[in-house]
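Visitor: Enclosed is the structure file coords09.txt (compact mmCIF, C-alpha atoms).
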```txt
# COMPACT_ATOMS: atom_id res chain seq x y z
CA MET A 253 63.04 77.87 0.65
CA ASN A 254 66.50 79.19 -0.25
CA PRO A 255 67.92 78.28 -3.66
CA VAL A 256 70.45 75.50 -3.15
CA ASN A 257 73.28 73.94 -5.05
CA THR A 258 72.18 74.99 -8.51
CA SER A 259 75.61 74.37 -10.03
CA LEU A 260 75.45 70.71 -9.03
CA LYS A 261 71.93 69.90 -10.12
CA SER A 262 71.72 67.12 -12.68
CA GLU A 263 69.57 64.07 -13.08
CA ILE A 264 70.08 61.41 -10.43
CA SER A 265 70.87 58.16 -12.20
CA PRO A 266 67.92 55.77 -11.86
CA SER A 267 70.28 52.83 -12.41
CA LEU A 268 72.17 53.43 -9.17
CA ASP A 269 70.99 51.57 -6.10
CA TRP A 270 71.82 54.02 -3.33
CA GLY A 271 70.78 51.54 -0.66
CA LYS A 272 73.26 49.01 -2.05
CA ILE A 273 75.94 51.68 -2.21
CA ARG A 274 75.26 52.54 1.44
CA ALA A 275 75.77 48.88 2.32
CA ASP A 276 79.39 49.21 1.11
CA PHE A 277 80.16 51.16 4.30
CA PRO A 278 80.42 48.78 7.25
CA ILE A 279 80.74 51.52 9.87
CA LEU A 280 77.21 52.68 9.10
CA GLN A 281 75.93 49.52 10.80
CA LEU A 282 77.41 50.77 14.08
CA LYS A 283 75.19 51.38 17.11
CA ILE A 284 75.80 54.32 19.46
CA ASP A 285 74.38 53.46 22.88
CA GLY A 286 72.04 51.08 21.14
CA LYS A 287 70.92 53.59 18.51
CA PRO A 288 71.86 53.48 14.81
CA LEU A 289 74.73 55.73 13.82
CA ILE A 290 73.61 58.73 11.78
CA TYR A 291 76.84 60.13 10.44
CA LEU A 292 76.52 63.76 9.36
CA ASP A 293 80.14 64.86 9.79
CA ASN A 294 81.35 64.12 6.29
CA ALA A 295 82.95 67.53 5.75
CA ALA A 296 85.39 66.65 8.52
CA SER A 297 86.05 63.12 7.28
CA SER A 298 84.05 60.75 5.14
CA GLN A 299 83.67 57.04 5.80
CA MET A 300 85.49 54.26 3.95
CA PRO A 301 83.81 51.59 1.81
CA GLN A 302 84.66 47.92 2.15
CA GLN A 303 86.33 47.97 -1.26
CA VAL A 304 88.96 50.44 -0.03
CA ILE A 305 89.41 48.57 3.25
CA ASP A 306 89.97 45.37 1.29
CA ARG A 307 92.52 47.10 -0.95
CA LEU A 308 94.50 48.28 2.06
CA VAL A 309 94.46 44.79 3.56
CA ARG A 310 95.58 43.26 0.24
CA TYR A 311 98.48 45.68 0.02
CA GLN A 312 99.58 45.04 3.61
CA THR A 313 99.26 41.26 3.34
CA THR A 314 100.60 40.59 -0.16
CA GLN A 315 102.41 43.66 -1.56
CA HIS A 316 104.05 45.68 1.20
CA ALA A 317 107.64 46.88 0.87
CA ASN A 318 109.41 50.18 0.62
CA ILE A 319 109.41 51.65 -2.86
CA ASN A 320 112.06 52.71 -5.41
CA ARG A 321 115.62 51.51 -5.87
CA ALA A 322 115.26 47.91 -4.61
CA VAL A 323 115.13 45.15 -7.24
CA HIS A 324 113.28 42.49 -5.26
CA TYR A 325 109.74 41.44 -6.15
CA LEU A 326 107.79 43.12 -3.35
CA SER A 327 109.51 46.46 -3.80
CA GLU A 328 108.85 46.40 -7.53
CA VAL A 329 105.17 45.60 -6.94
CA ALA A 330 104.78 48.30 -4.29
CA THR A 331 106.55 50.84 -6.50
CA MET A 332 104.25 50.01 -9.40
CA GLU A 333 101.10 50.23 -7.26
CA TYR A 334 102.20 53.57 -5.79
CA HIS A 335 102.81 54.91 -9.28
CA ASN A 336 99.43 53.57 -10.43
CA ALA A 337 97.77 55.48 -7.59
CA ARG A 338 99.41 58.67 -8.82
CA CYS A 339 98.08 58.00 -12.32
CA LYS A 340 94.55 57.49 -10.94
CA LEU A 341 94.75 60.89 -9.26
CA GLN A 342 96.05 62.41 -12.48
CA GLN A 343 93.01 61.03 -14.28
CA PHE A 344 90.65 62.17 -11.52
CA ILE A 345 91.67 65.83 -11.84
CA ASN A 346 92.67 65.72 -15.51
CA ALA A 347 96.25 66.84 -14.92
CA ARG A 348 98.37 67.04 -18.04
CA GLU A 349 101.14 64.82 -16.62
CA ASP A 350 101.39 62.39 -13.70
CA ARG A 351 104.51 64.19 -12.46
CA GLU A 352 102.28 67.18 -11.66
CA VAL A 353 100.67 65.15 -8.84
CA ILE A 354 102.62 65.31 -5.57
CA PHE A 355 101.63 63.01 -2.71
CA THR A 356 101.51 64.86 0.61
CA SER A 357 100.06 64.15 4.03
CA GLY A 358 96.93 66.13 3.17
CA THR A 359 95.60 69.53 2.14
CA THR A 360 97.35 71.35 4.98
CA ASP A 361 100.69 69.82 4.03
CA SER A 362 100.08 70.68 0.37
CA ILE A 363 99.42 74.34 1.16
CA ASN A 364 102.50 74.51 3.37
CA LEU A 365 104.54 72.95 0.56
CA VAL A 366 103.49 75.79 -1.76
CA MET A 367 104.14 78.42 0.91
CA HIS A 368 107.66 77.12 1.54
CA GLY A 369 108.51 76.04 -1.99
CA TYR A 370 107.01 78.92 -3.93
CA GLY A 371 106.26 81.65 -1.41
CA ARG A 372 109.59 81.73 0.41
CA LYS A 373 111.42 81.79 -2.92
CA PHE A 374 109.36 84.35 -4.82
CA ILE A 375 107.43 86.55 -2.34
CA LYS A 376 109.36 89.66 -1.31
CA ALA A 377 108.95 92.57 1.11
CA GLY A 378 106.04 94.79 0.12
CA ASP A 379 104.33 92.09 -1.96
CA GLU A 380 100.65 91.35 -1.38
CA ILE A 381 98.83 88.03 -1.02
CA ILE A 382 95.08 87.84 -1.54
CA LEU A 383 93.01 85.46 0.61
CA THR A 384 89.28 85.34 1.33
CA THR A 385 87.10 85.47 4.43
CA LEU A 386 85.95 81.93 3.63
CA GLU A 387 89.37 80.33 4.01
CA HIS A 388 90.08 77.43 6.34
CA HIS A 389 92.84 78.22 8.82
CA SER A 390 95.13 75.97 6.76
CA ASN A 391 95.03 78.54 3.98
CA ILE A 392 95.47 81.50 6.31
CA VAL A 393 98.14 80.67 8.88
CA PRO A 394 100.93 79.59 6.47
CA TRP A 395 100.55 82.83 4.50
CA GLN A 396 100.54 84.89 7.70
CA MET A 397 103.79 83.17 8.67
CA LEU A 398 105.25 84.00 5.26
CA ALA A 399 104.03 87.60 5.36
CA GLN A 400 105.60 88.11 8.77
CA GLU A 401 108.88 86.61 7.61
CA LYS A 402 109.07 88.51 4.34
CA GLY A 403 107.39 91.79 5.22
CA ALA A 404 104.53 91.06 2.82
CA LYS A 405 100.88 92.02 3.29
CA ILE A 406 97.71 89.93 3.27
CA ARG A 407 94.54 91.39 1.74
CA VAL A 408 91.17 89.75 2.30
CA VAL A 409 88.10 89.37 0.07
CA PRO A 410 84.89 90.04 2.06
CA ILE A 411 81.66 88.03 1.92
CA ASN A 412 78.02 89.11 1.87
CA ASP A 413 75.26 88.11 4.28
CA LYS A 414 74.61 84.89 2.33
CA GLY A 415 78.22 83.78 2.72
CA GLU A 416 79.17 84.50 -0.89
CA LEU A 417 82.38 86.20 -1.94
CA GLU A 418 82.10 89.79 -3.09
CA VAL A 419 83.87 89.25 -6.39
CA ASP A 420 83.85 92.95 -7.29
CA GLU A 421 85.84 93.63 -4.13
CA TYR A 422 88.23 90.81 -5.04
CA GLU A 423 88.99 92.47 -8.34
CA LYS A 424 89.60 95.83 -6.64
CA LEU A 425 92.35 94.30 -4.47
CA PHE A 426 94.69 93.73 -7.40
CA ASN A 427 97.56 96.10 -8.02
CA GLU A 428 101.20 95.93 -9.10
CA ARG A 429 102.16 94.50 -5.68
CA THR A 430 99.78 91.51 -5.89
CA LYS A 431 101.90 88.37 -6.21
CA PHE A 432 99.75 85.44 -5.07
CA VAL A 433 96.14 84.33 -4.49
CA GLY A 434 94.99 81.60 -2.10
CA LEU A 435 91.38 80.64 -2.68
CA ILE A 436 89.09 77.99 -1.24
CA HIS A 437 86.90 76.21 -3.80
CA VAL A 438 84.13 75.28 -1.35
CA SER A 439 83.75 76.63 2.18
CA ASN A 440 84.01 73.88 4.77
CA ALA A 441 81.96 75.93 7.24
CA LEU A 442 79.15 77.11 4.95
CA GLY A 443 79.25 74.94 1.83
CA THR A 444 79.52 78.00 -0.45
CA ILE A 445 80.88 77.19 -3.91
CA ASN A 446 83.12 79.99 -5.09
CA PRO A 447 83.35 81.16 -8.74
CA ILE A 448 86.95 80.07 -8.94
CA LYS A 449 87.23 79.89 -12.73
CA HIS A 450 86.41 83.58 -13.06
CA MET A 451 88.69 84.43 -10.14
CA ILE A 452 91.59 82.41 -11.55
CA ASP A 453 91.20 84.01 -14.98
CA PHE A 454 91.15 87.49 -13.43
CA ALA A 455 94.31 86.78 -11.42
CA HIS A 456 96.08 85.43 -14.49
CA ARG A 457 95.26 88.60 -16.43
CA HIS A 458 97.40 90.30 -13.80
CA GLY A 459 100.12 87.65 -14.00
CA VAL A 460 99.33 86.28 -10.51
CA PRO A 461 99.39 82.52 -9.70
CA VAL A 462 96.49 80.93 -7.80
CA LEU A 463 96.39 78.13 -5.24
CA ILE A 464 93.01 76.40 -4.80
CA ASP A 465 92.11 74.63 -1.56
CA GLY A 466 89.89 71.87 -2.95
CA ALA A 467 89.46 69.79 0.20
CA GLN A 468 85.68 70.31 0.27
CA ALA A 469 85.17 70.47 -3.49
CA ALA A 470 86.82 67.26 -4.69
CA PRO A 471 84.27 64.93 -3.02
CA HIS A 472 81.33 66.75 -4.61
CA ILE A 473 82.38 68.46 -7.86
CA THR A 474 84.15 67.18 -10.97
CA ILE A 475 87.63 68.74 -10.91
CA ASP A 476 89.42 69.55 -14.16
CA VAL A 477 92.61 71.43 -13.40
CA GLN A 478 93.34 72.07 -17.06
CA ALA A 479 89.93 73.64 -17.64
CA LEU A 480 90.26 75.69 -14.44
CA ASP A 481 93.82 76.64 -15.40
CA CYS A 482 94.70 76.85 -11.69
CA ASP A 483 98.37 76.87 -10.79
CA PHE A 484 98.00 74.69 -7.69
CA TYR A 485 95.14 72.52 -6.40
CA ALA A 486 95.13 70.62 -3.09
CA PHE A 487 92.87 68.06 -1.41
CA SER A 488 92.87 65.12 1.02
CA ALA A 489 91.98 61.44 0.73
CA HIS A 490 90.02 61.18 3.97
CA LYS A 491 87.27 63.43 2.60
CA LEU A 492 87.01 61.18 -0.47
CA CYS A 493 86.32 57.82 1.23
CA GLY A 494 90.05 57.17 1.54
CA PRO A 495 92.62 56.87 4.33
CA THR A 496 93.82 59.66 6.59
CA GLY A 497 97.35 60.97 6.31
CA VAL A 498 97.52 61.36 2.55
CA GLY A 499 96.51 63.95 0.00
CA ILE A 500 97.81 65.56 -3.15
CA LEU A 501 99.14 68.80 -4.42
CA TYR A 502 98.63 69.41 -8.12
CA GLY A 503 100.98 71.98 -9.57
CA LYS A 504 101.79 73.06 -13.08
CA ALA A 505 105.05 71.38 -14.01
CA ALA A 506 106.90 74.61 -14.80
CA LEU A 507 106.02 76.06 -11.40
CA LEU A 508 106.97 72.88 -9.53
CA GLU A 509 110.29 72.77 -11.32
CA ALA A 510 111.01 76.39 -10.36
CA MET A 511 110.16 75.85 -6.68
CA GLN A 512 112.59 74.95 -3.93
CA PRO A 513 112.00 71.70 -1.99
CA PHE A 514 109.95 71.88 1.18
CA LYS A 515 111.61 68.90 2.93
CA GLY A 516 115.04 67.34 2.55
CA GLY A 517 115.91 63.67 2.81
CA GLY A 518 115.90 60.43 0.89
CA ASP A 519 114.49 60.07 -2.63
CA MET A 520 114.14 63.81 -3.22
CA ILE A 521 117.76 63.94 -4.37
CA ALA A 522 119.64 62.93 -7.50
CA SER A 523 123.01 63.02 -5.73
CA VAL A 524 124.47 64.19 -2.42
CA THR A 525 127.95 65.19 -1.38
CA PHE A 526 128.98 67.37 1.54
CA GLU A 527 129.72 70.06 -1.01
CA GLU A 528 126.46 69.96 -2.98
CA THR A 529 123.05 68.33 -3.31
CA ILE A 530 121.39 67.97 -6.70
CA TYR A 531 117.64 67.61 -6.36
CA ASN A 532 115.58 64.93 -8.05
CA THR A 533 113.04 65.62 -10.76
CA ILE A 534 109.37 66.24 -9.94
CA PRO A 535 107.36 64.74 -8.35
CA HIS A 536 110.17 63.12 -6.34
CA LYS A 537 111.72 66.47 -5.43
CA PHE A 538 108.78 67.06 -3.09
CA GLU A 539 108.36 63.55 -1.67
CA ALA A 540 111.22 63.25 0.81
CA GLY A 541 111.58 60.05 2.82
CA THR A 542 109.32 57.01 2.81
CA PRO A 543 105.97 58.20 1.46
CA PRO A 544 102.53 57.08 2.71
CA ILE A 545 102.61 54.06 0.39
CA ALA A 546 99.64 52.12 1.75
CA ALA A 547 97.56 55.26 2.18
CA ALA A 548 98.32 56.43 -1.37
CA ILE A 549 97.29 53.05 -2.78
CA GLY A 550 94.14 53.20 -0.67
CA PHE A 551 93.55 56.71 -2.03
CA GLY A 552 93.75 55.33 -5.54
CA ALA A 553 91.21 52.64 -4.67
CA ALA A 554 88.86 55.28 -3.22
CA ILE A 555 89.15 57.33 -6.41
CA GLU A 556 88.29 54.25 -8.47
CA TYR A 557 85.26 53.64 -6.26
CA LEU A 558 83.98 57.20 -6.69
CA ILE A 559 84.62 57.22 -10.43
CA ASP A 560 82.62 54.01 -10.76
CA ILE A 561 79.63 55.70 -9.10
CA GLY A 562 80.21 58.97 -10.96
CA ILE A 563 80.91 62.30 -9.27
CA GLU A 564 78.07 63.84 -11.27
CA HIS A 565 75.60 61.29 -9.81
CA ILE A 566 77.00 61.84 -6.31
CA ALA A 567 76.58 65.61 -6.74
CA ALA A 568 72.98 65.28 -7.89
CA TYR A 569 72.01 62.94 -5.05
CA GLU A 570 73.69 65.10 -2.41
CA SER A 571 72.03 68.18 -3.90
CA SER A 572 68.63 66.59 -3.33
CA LEU A 573 69.55 65.82 0.29
CA LEU A 574 70.75 69.37 0.83
CA ALA A 575 67.58 70.85 -0.63
CA TYR A 576 65.43 68.65 1.61
CA ALA A 577 67.46 69.42 4.73
CA THR A 578 67.46 73.15 3.95
CA GLU A 579 63.68 73.13 3.57
CA CYS A 580 63.21 71.22 6.83
CA LEU A 581 65.52 73.37 8.94
CA SER A 582 64.27 76.62 7.40
CA GLU A 583 60.80 75.82 8.69
CA MET A 584 61.94 75.23 12.28
CA PRO A 585 61.32 78.12 14.72
CA GLY A 586 64.48 79.24 16.49
CA VAL A 587 66.80 77.58 13.97
CA LYS A 588 68.92 79.80 11.73
CA ILE A 589 70.97 78.55 8.81
CA ILE A 590 74.31 80.35 8.56
CA GLY A 591 75.33 80.55 4.92
CA THR A 592 72.55 80.61 2.34
CA ALA A 593 74.53 80.97 -0.86
CA ALA A 594 72.76 80.08 -4.09
CA GLU A 595 75.64 77.75 -4.97
CA LYS A 596 76.37 75.22 -2.21
CA THR A 597 77.55 71.70 -1.60
CA ALA A 598 75.86 69.47 0.98
CA VAL A 599 76.73 71.44 4.14
CA ILE A 600 74.35 73.16 6.54
CA SER A 601 75.70 75.27 9.37
CA PHE A 602 73.05 76.36 11.83
CA THR A 603 72.44 77.90 15.21
CA ILE A 604 69.60 77.34 17.67
CA ASP A 605 68.40 80.34 19.64
CA GLY A 606 69.51 80.13 23.26
CA VAL A 607 71.58 76.93 22.87
CA HIS A 608 75.35 76.67 22.50
CA PRO A 609 76.42 74.50 19.55
CA HIS A 610 78.43 72.20 21.83
CA ASP A 611 75.25 71.42 23.76
CA VAL A 612 73.49 70.75 20.46
CA GLY A 613 76.18 68.26 19.47
CA THR A 614 76.08 66.56 22.86
CA ILE A 615 72.32 66.00 22.81
CA LEU A 616 72.31 64.86 19.18
CA ASN A 617 75.05 62.38 19.99
CA GLN A 618 72.76 60.74 22.55
CA ASP A 619 70.53 59.84 19.60
CA GLY A 620 73.49 58.54 17.59
CA ILE A 621 73.62 61.64 15.39
CA ALA A 622 77.15 62.83 14.61
CA VAL A 623 77.47 66.50 13.65
CA ARG A 624 80.39 68.88 13.98
CA THR A 625 80.25 71.81 16.41
CA GLY A 626 82.64 74.73 16.83
CA HIS A 627 84.27 77.27 14.55
CA HIS A 628 85.29 74.62 11.98
CA CYS A 629 88.81 76.05 11.66
CA ALA A 630 87.17 79.08 10.03
CA GLN A 631 87.08 81.71 12.76
CA PRO A 632 86.97 84.71 10.37
CA ILE A 633 83.63 83.36 9.09
CA MET A 634 82.27 83.11 12.63
CA GLN A 635 83.39 86.67 13.29
CA ARG A 636 81.69 87.85 10.09
CA PHE A 637 78.37 86.38 11.22
CA ASN A 638 78.90 87.40 14.85
CA VAL A 639 78.54 83.87 16.22
CA PRO A 640 81.03 82.00 18.41
CA ALA A 641 80.38 78.70 16.65
CA THR A 642 77.80 76.74 14.68
CA SER A 643 76.49 73.22 14.47
CA ARG A 644 77.27 71.72 11.08
CA ALA A 645 75.54 68.84 9.36
CA SER A 646 77.38 67.68 6.25
CA PHE A 647 76.00 65.02 3.95
CA ALA A 648 77.49 62.34 1.72
CA PHE A 649 75.99 60.09 -0.93
CA TYR A 650 75.48 57.29 1.61
CA ASN A 651 73.17 59.41 3.76
CA LYS A 652 69.37 59.12 3.56
CA ARG A 653 66.37 61.41 3.84
CA THR A 654 65.31 59.55 6.95
CA GLU A 655 68.56 60.69 8.55
CA VAL A 656 67.59 64.28 7.81
CA ASP A 657 64.27 63.55 9.52
CA ALA A 658 66.18 62.19 12.51
CA LEU A 659 68.27 65.37 12.63
CA VAL A 660 65.09 67.47 12.71
CA THR A 661 63.68 65.32 15.52
CA GLY A 662 66.98 65.63 17.40
CA ILE A 663 66.93 69.43 17.10
CA LYS A 664 63.40 69.46 18.53
CA THR A 665 64.68 67.40 21.44
CA VAL A 666 67.46 69.92 22.02
CA GLN A 667 64.92 72.73 22.07
CA LYS A 668 62.70 70.89 24.54
CA ILE A 669 65.61 70.35 26.91
CA PHE A 670 67.10 73.84 26.83
CA LEU A 671 64.18 76.13 26.06
```
Please go through the file and, once you have read it, give me the structure as structure tokens.
Guide:
Amino acid sequence: MNPVNTSLKSEISPSLDWGKIRADFPILQLKIDGKPLIYLDNAASSQMPQQVIDRLVRYQTTQHANINRAVHYLSEVATMEYHNARCKLQQFINAREDREVIFTSGTTDSINLVMHGYGRKFIKAGDEIILTTLEHHSNIVPWQMLAQEKGAKIRVVPINDKGELEVDEYEKLFNERTKFVGLIHVSNALGTINPIKHMIDFAHRHGVPVLIDGAQAAPHITIDVQALDCDFYAFSAHKLCGPTGVGILYGKAALLEAMQPFKGGGDMIASVTFEETIYNTIPHKFEAGTPPIAAAIGFGAAIEYLIDIGIEHIAAYESSLLAYATECLSEMPGVKIIGTAAEKTAVISFTIDGVHPHDVGTILNQDGIAVRTGHHCAQPIMQRFNVPATSRASFAFYNKRTEVDALVTGIKTVQKIFL
């Protein structure tokens, strides 16, 4: 059996009733063609507990109004609740100040904000940007756009056969032209946990700021942006049991203040004339227009829910599921796990000899098993392993070992049909 998830291993709390926690998620009672839903697509989007659903309903039925400026009761309540959500996110990532937390529409929007606000202002012709082979397209395409516009160059950190970054090669990429690093914390396609603290420290020794894509890390790993000393950190609510359409960008206050706004409009200004616009202070400078008020408040409720369980307990439980699933799939003839890093979160990408991943997903769906198939918006990884796509099972704390058993049975069914 491959070593799995060693950085996350800790004692699973005996006081937590995981069956009761699972019951918080009403969608898990769903039947697919008469068969129980087995939801193993959590890396794409996690499910929402009743507590968060109830919080969204309470906001919409008793607190909804547009925020800021108005003096009536509902607006004041909505403004306060929106601010409280920001403070919950500040606590969750241990940001120094709440103004360092910018609400965005999600990780992709956050990365684009940094590209436009920092990159377009500070990256020049001939500069170099370091990315890695493990990046999601969201942390590749914006920087390609910038490089094309500015005449900059992108340099890429390779990975080994286990799907781990070759950190020695990362260090060799730095020179006097290196001006920015974009780095994924956890690979969405493979589950690999990258040694970001070391990589951030190395970049800072060269005076280079670092953006971390934390979309896959935040649901599984305790995030402390002060301890990491990252310059930017981004993630989305919908991977953390929250609503779609909202996420955050953390940025060090000094960097955010130096950046130019990404979007113009209401609330991101202090004053406007046809001669001049004076921008608002952070975080407002980067939150143009009516923000996702309900979604942000729901995000705050989801963070409260996860904190109550404890990210460390979630990590330990998911680690045990991953270890069990890895052992089961490793023993199956014709099944190959893609990405066997020693440090992983609860993601297994796999191929089945002679069967296209889309066919795998279709047959599994007939048994109510939801997995993701395709390139997972990580085509450079697929190219590195010389596969067109994989099937990906990704686990959350509300999954069960019996669902892993069902996945194994489903894979055997696939093999019987196609082989």
Visitor: Work out how far atom CA of Asn364 of chain A is from atom CA of Pro535 of chain A, in Å to one decimal.
Guide: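 Computing it gives 16.0 Å between the two atoms.
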Visitor: So which one's closest to Pro301 of chain A, A:Lys405, A:His450, A:His610, A:His490? Using all atoms listed in the file, please.
Guide: A:His490
Visitor: Could you state the separation of atom CA of Pro394 of chain A and atom CA of Ala486 of chain A in Å, given to one decimal place?
Guide: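 Taking atom CA of Pro394 of chain A and atom CA of Ala486 of chain A, their separation equals 14.3 Å.
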Visitor: Set the distance at 8 Å and use all atoms listed in the file: which residues neighbour Asp276 of chain A once local chain neighbours fewer than 2 positions away are removed? I'd like the list as a ChimeraX atom specification.
Guide: /A:272-274,278,301-303
Visitor: I need the residue nearest Asp481 of chain A from this list: A:Gly499, A:His324, A:Ala347, A:Gln396. Use all atoms listed in the file for the distance.
Guide: A:Ala347
Visitor: So what do you get for atom CA of Glu418 of chain A versus atom CA of Leu463 of chain A, distance-wise?
Guide: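 Those two atoms sit 18.6 Å apart.
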Visitor: Return the single residue from A:Gln343, A:Asn336, A:Ser439, A:Thr654 that is closest to Ile590 of chain A, with distances computed using all atoms listed in the file.
Guide: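 Ranked by minimum distance to Ile590 of chain A, first place goes to A:Ser439.
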Visitor: Within 9 Å of Lys414 of chain A, counting only C-alpha atoms, which residues qualify if same-chain residues fewer than 2 places away don't, as a ChimeraX atom specification?
Guide: /A:411-412,416-417,444,590-594
Visitor: With all atoms listed in the file as the atoms that count, which of A:Val393, A:Thr385, A:Thr597, A:Asn440 lies nearest to Tyr422 of chain A?
Guide: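 With all atoms listed in the file as the atom set, the closest residue is A:Thr385.
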Visitor: Taking 5 positions as the minimum chain separation for residues in the same chain, which residues sit within 7 Å of His316 of chain A when counting all atoms listed in the file? Answer as a list in words.
Guide: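 Selected residues are Tyr311, Leu326 and Ala330 of chain A.
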Visitor: Would you list the contacts of Met584 of chain A as a PyMOL selection string, taking every protein, DNA or RNA residue within 10 Å and counting all atoms listed in the file, but skipping same-chain residues closer than 4 positions in sequence?
Guide: chain A and resi 579-580+588+604+660+663-664
Visitor: In the coordinate frame of the file, compute which residues have an atom within 7 Å of (93.2, 78.1, 2.5) when using all atoms listed in the file, and state them as a compact mmCIF listing (two decimals) with C-alpha atoms, keeping the file's coordinate frame.
Guide:
```txt
# COMPACT_ATOMS: atom_id res chain seq x y z
CA GLU A 387 89.37 80.33 4.01
CA HIS A 388 90.08 77.43 6.34
CA HIS A 389 92.84 78.22 8.82
CA SER A 390 95.13 75.97 6.76
CA ASN A 391 95.03 78.54 3.98
CA ILE A 392 95.47 81.50 6.31
CA GLY A 434 94.99 81.60 -2.10
CA LEU A 435 91.38 80.64 -2.68
CA ILE A 436 89.09 77.99 -1.24
CA ASP A 465 92.11 74.63 -1.56
```
